[in-house]
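Remarks on the structure that follows.
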There are 2 protein chains.
Amino acid sequence: MHGIDEKKAIEELKEFLKFPSISSDSSKKKEVLNCANWLYRHLKKIGLENVQLFPTALHPIVYAEQISHPSYKTILFYGHYDVQPVAPLLKWKFPPFKPVIANNYIYARGASDDKGQLFTHVKAIELALKNKSSLKSNIKCLFEGEAEIGSTHLADFISRNQKLLRCDVAVLSDTKMLSADVPAITYSLRGSLNAEIIVMGPGKELHSGTFGGMIFNPADVLCQVVGKMHDPSGRIMIPGFYSDVVQLSEAERQFMKKSGPRDDSLLKDASSRASWGEKAFSNYEKTTTRPVISITGLQSGFTGEGTKNAIPTSASVKINMRLVKNQDPKKVAALFKSFARQYIPANVIYRIKFSSFTEPVEVSRTHPFILAAAQAYKTVFNHAPVFLRSGGSIPVVSMFTYKLKVPVILMGFALAGDNMHAPNEKFYLPNLFRAIKTSFLFTKNIAAQYNDHEHAYY
Amino acid sequence: MHGIDEKKAIEELKEFLKFPSISSDSSKKKEVLNCANWLYRHLKKIGLENVQLFPTALHPIVYAEQISHPSYKTILFYGHYDVQPVAPLLKWKFPPFKPVIANNYIYARGASDDKGQLFTHVKAIELALKNKSSLKSNIKCLFEGEAEIGSTHLADFISRNQKLLRCDVAVLSDTKMLSADVPAITYSLRGSLNAEIIVMGPGKELHSGTFGGMIFNPADVLCQVVGKMHDPSGRIMIPGFYSDVVQLSEAERQFMKKSGPRDDSLLKDASSRASWGEKAFSNYEKTTTRPVISITGLQSGFTGEGTKNAIPTSASVKINMRLVKNQDPKKVAALFKSFARQYIPANVIYRIKFSSFTEPVEVSRTHPFILAAAQAYKTVFNHAPVFLRSGGSIPVVSMFTYKLKVPVILMGFALAGDNMHAPNEKFYLPNLFRAIKTSFLFTKNIAAQYNDHEHAYY
């Protein structure tokens, strides 16, 4: 590719990958900072302006920009330079922080999630800056160091820096392609809301023979609540839960049927034999366009081998809800609370804690920015991207959507086998360079759409 | 007391208490055997006949007898020479296996449960044997070494030795008095049935975002089952569960009201503020004459701090049922199984395991043998025993009741503060000697009831 020294790019990426920037490991705080400083210096070196390291209560945020003209569209590139822990270390073929090239892959913790993908945008920006006069977009970079611990301080940073971060579109590369040659654009994400109910029982464990029958059992109370959340068909029984859920158009359902995974393929991914849930919907629809309540943890009393005949002192459940377009996590939390309350007897002490509050996100498949990304993919990969909905949630995408009020383009370049969050994480090198081209071209396409005198680069 | 050397009796009890006969600790197998051997030799020494050590797959059973005449009534004395573990050792004021006398108590693991209480019968028998010609009852002793691990091999031993163990009444001292001067006779015990339901989920943990909505959640299925076991008032909703439960007579309810603990007193024992359960019954009735289902353990998925958004691979519940007069644990197990099955979807793999199967027991308060015991108590303690129902279950009592088909007299001599199963276990020495007298007198009273020419000793 003209303008990019591939060998140099790989050496730079290796430097970036060498930092053990594990955000969840407090003993690595200094290394996370070193990594942020390296990124800071690198962004300066390639010619970005207003490069800043914003401290937070934990790991810093790296910011940089290139404002060419106030009338140009502004693209915000997001990525994260922190990584997952490496355990179990013995399962790694190569040391996780000594990057190695083998079989066309670069192996290291962070190779795909997210240092490698973040780096493709940095290289694309470097390319664009080399011929600044032909750059007809404004560029902003927002790289955080806390994505793997829930982007703890990012929401607050965005709220307090609305002007600095003002943009027309946000781009994020933290998702996957369908295969090495088939790109994918994720255009919808479910929201997420976590709840924990803790029911307090007697102040001490009570013998179930001596007291069973006269003292309420916290585990029983808990099961009464949880057992009433679904009817046998899997429909959620919390009053008002579906009120804001919008019916998909027949056209969208047909599109999903045509482009999305089939029931049996999803079942295979789940290593499961039978589908469950609302009969009127396909598995793909159920996991992306329908809300769901999943119990993720249950705990009460004695859970070891054998038996201990005692009424437990408490019982708790952890619940993860996934919400869809138009559902508001705050509103759902209120409905959930009222529902739970009605099944907990008076006199019983309990607590309901909520966390996450991630809004669902959907970008129109025909939005001009999405089309600009699709065109870039098609040019570089010689294959149009597949448009997919995801059942997961990405808090930062919700933040950009609802705090910055811009469409977010999920331009993923990772592969299913890249071992994100697992030992032997890797990134496919041919796609590293195709990703740089795609990102660069995306920038050009955006400019072309809004500046009549411009044309797409390719 | 004439005939018993109190000092010698205490020295002997100390010897007995020195063995760390912890049946649940496999490293103590030898010590349990040594303890059984001591008991075997002691029973020989006091003059019992046909003294035998019956090996089992684990700890031996000690047997002995004195058959004076085939026409005499035969009393079977039961006790256990094994003890609970001692942890936490640091909480003991004195070493658990170096008996110490302090403040009129003897301190040691097993002092009250059950070596001390067992020993009172041995001393009473010794007293009776000293004047064999005036002994008008037959005596059998059955002392086991596995009571603290569920009397694992006793049921089988009883079944295979019906003739050896044939008797007219069984006596067991493993319960408590109301206070140091107020004796109590427990005349009813609830039965017990333990169940465990294990629902298997997907073969691996599945991301609740990616798969939530299309795959059943084992914790949800479990809560659907458990949440339907009671209605909000606490009534058990398993069809047929109450079919065999007999309504108490108004006279018996009045007796219980007069002699039993009051609602507020039981609440205080439970450190609880409010009663729960069937409104038509008092707390004493609910915990002794009504069946109950208590959840004793719940487990599924992630139960640590924070959240892990995954559909769990399994979910399980441990349940303890207490059954009342006329209920058959086997029949209840079948009802429970049918009930659970109907709420578990087809395709879902699950297992229901039952254990315990202890039948409820009730002895008439006016049975001649009960009256013989009551009279003995009254003579020795100068206070008539209080007749109480217990909500707990004692498997060996059910075995004697249903396998030997004899009434079982629960002549407890322990006190509430004796720290059974806890550090600093102790036995109140004045009651050690009163217990010996009571047991001896009971033997005389039984004989007197059936032999016209005999009179009660006191």
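Identifiers for the structure tokens are assigned positionally: chains receive A, B, ... in sequence, residues are indexed from 1 per chain, and ligands are indexed from 1 in the order shown.
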- Enumerate as a PyMOL selection string the residues belonging to chain A that approach chain B to within 7 Å, with only C-alpha atoms taken into account. chain A and resi 202-203+206+208-217+219-220+223-224+226-228+270-272+275-277+283+286-287+292+294-303+308-312+320+322+390-393
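With chain A fixed and chain B moved onto it by least squares, the Cα RMSD over every paired residue reaches 0.2 Å.
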- Item | DSSP-assigned helix (DSSP H, G or I) among stretch 51-296 of chain B, expressed as JSON, numbers by chain | {"B": [89, 90, 91, 115, 116, 117, 118, 119, 120, 121, 122, 123, 124, 125, 126, 127, 128, 129, 130, 132, 133, 134, 147, 148, 149, 154, 155, 156, 157, 158, 159, 160, 162, 163, 164, 165, 208, 209, 210, 211, 218, 219, 220, 221, 222, 223, 224, 225, 226, 250, 251, 252, 253, 254, 255, 256, 257, 258, 259, 263, 264, 265, 266, 267, 268, 269, 283, 284, 285, 286, 287, 288]}
- Task: Name all residues at most 8 Å from A:Asn104 (count only C-alpha atoms; drop same-chain ones fewer than 4 positions away) and give them as a ChimeraX atom specification.
- Result: /A:428-430
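In this structure, atom CA of B:Gly260 sits 12.7 Å away from atom CA of B:Ser188.
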Would you tabulate, counting only C-alpha atoms, all residues of stretch 143-255 of chain B that have an atom at most 6 Å from an atom of stretch 75-99 of chain B, showing the closest pair of atoms and their distance in Å to one decimal, sorted by chain then ascending number, as a tab-separated table?
residue	atom	partner	partner_atom	distance
B:Phe143	CA	B:Gly79	CA	4.8
B:Glu144	CA	B:His80	CA	4.7
B:Gly145	CA	B:Asp82	CA	4.6
B:Cys167	CA	B:Ile75	CA	6.0
B:Val169	CA	B:Ile75	CA	5.2
B:Ala170	CA	B:Leu76	CA	4.5
B:Val171	CA	B:Phe77	CA	4.9
B:Leu172	CA	B:Tyr78	CA	5.2
Next, the residues of the selection above should be written as a compact mmCIF listing (two decimals), in the first residue's frame with C-alpha atoms.
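Wrote part-v1.txt, looks like this:
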# COMPACT_ATOMS: atom_id res chain seq x y z
CA PHE B 143 -24.50 -48.83 71.32
CA GLU B 144 -23.44 -47.65 67.88
CA GLY B 145 -20.48 -45.63 66.59
CA CYS B 167 -37.74 -56.18 72.93
CA VAL B 169 -39.56 -50.96 74.65
CA ALA B 170 -36.52 -48.99 73.54
CA VAL B 171 -34.96 -46.21 75.61
CA LEU B 172 -32.77 -43.50 74.22
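With only C-alpha atoms as the atoms that count, the residue of B:Arg351, B:Lys176, B:Arg166, B:Lys14 with the shortest distance to B:Phe400 is B:Arg166.
Atom CA of B:Lys405 is positioned 25.7 Å from atom CA of B:Ala57.
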- Item | Residue list (strand (DSSP E or B), DSSP) for stretch 176-390 of chain B, as a ChimeraX atom specification | /B:176,179,182,184-189,191-200,206-207,212,215,230,236,292-301,310-311,314-323,350-358,361-362,386-390
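Shortest atom-to-atom contact with A:Ser23 among A:Lys8, A:His59, A:Arg341, A:Lys378: A:His59, counting only C-alpha atoms.
Residue neighbourhood of B:Ala9, excluding near-sequence residues (fewer than 2 positions): Ile4, Asp5, Glu6, Lys7, Glu11, Glu12, Leu13, Lys14, Glu15, Phe119, Thr120, Lys123, Leu432 and Phe433 of chain B, at 10 Å, using only C-alpha atoms.
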Could those selected residues go to a file with C-alpha atoms, as a JSON list (two decimals), in the first residue's frame?
[["chain", "number", "residue", "atom", "x", "y", "z"],
["B", 4, "ILE", "CA", -23.11, -46.49, 93.12],
["B", 5, "ASP", "CA", -19.63, -45.20, 93.90],
["B", 6, "GLU", "CA", -19.95, -41.67, 92.48],
["B", 7, "LYS", "CA", -16.23, -40.98, 92.44],
["B", 11, "GLU", "CA", -13.39, -41.71, 86.79],
["B", 12, "GLU", "CA", -14.89, -44.30, 84.45],
["B", 13, "LEU", "CA", -16.79, -41.66, 82.49],
["B", 14, "LYS", "CA", -13.54, -39.69, 82.13],
["B", 15, "GLU", "CA", -11.85, -42.78, 80.66],
["B", 119, "PHE", "CA", -23.13, -43.93, 80.52],
["B", 120, "THR", "CA", -26.05, -43.15, 82.88],
["B", 123, "LYS", "CA", -24.43, -47.31, 85.53],
["B", 432, "LEU", "CA", -25.62, -37.43, 85.85],
["B", 433, "PHE", "CA", -26.52, -39.13, 89.14]]
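Distances to A:Lys325 were evaluated for A:Leu39, A:Ala251, A:Val245, A:Leu388 using only C-alpha atoms, and the minimum falls at A:Val245.
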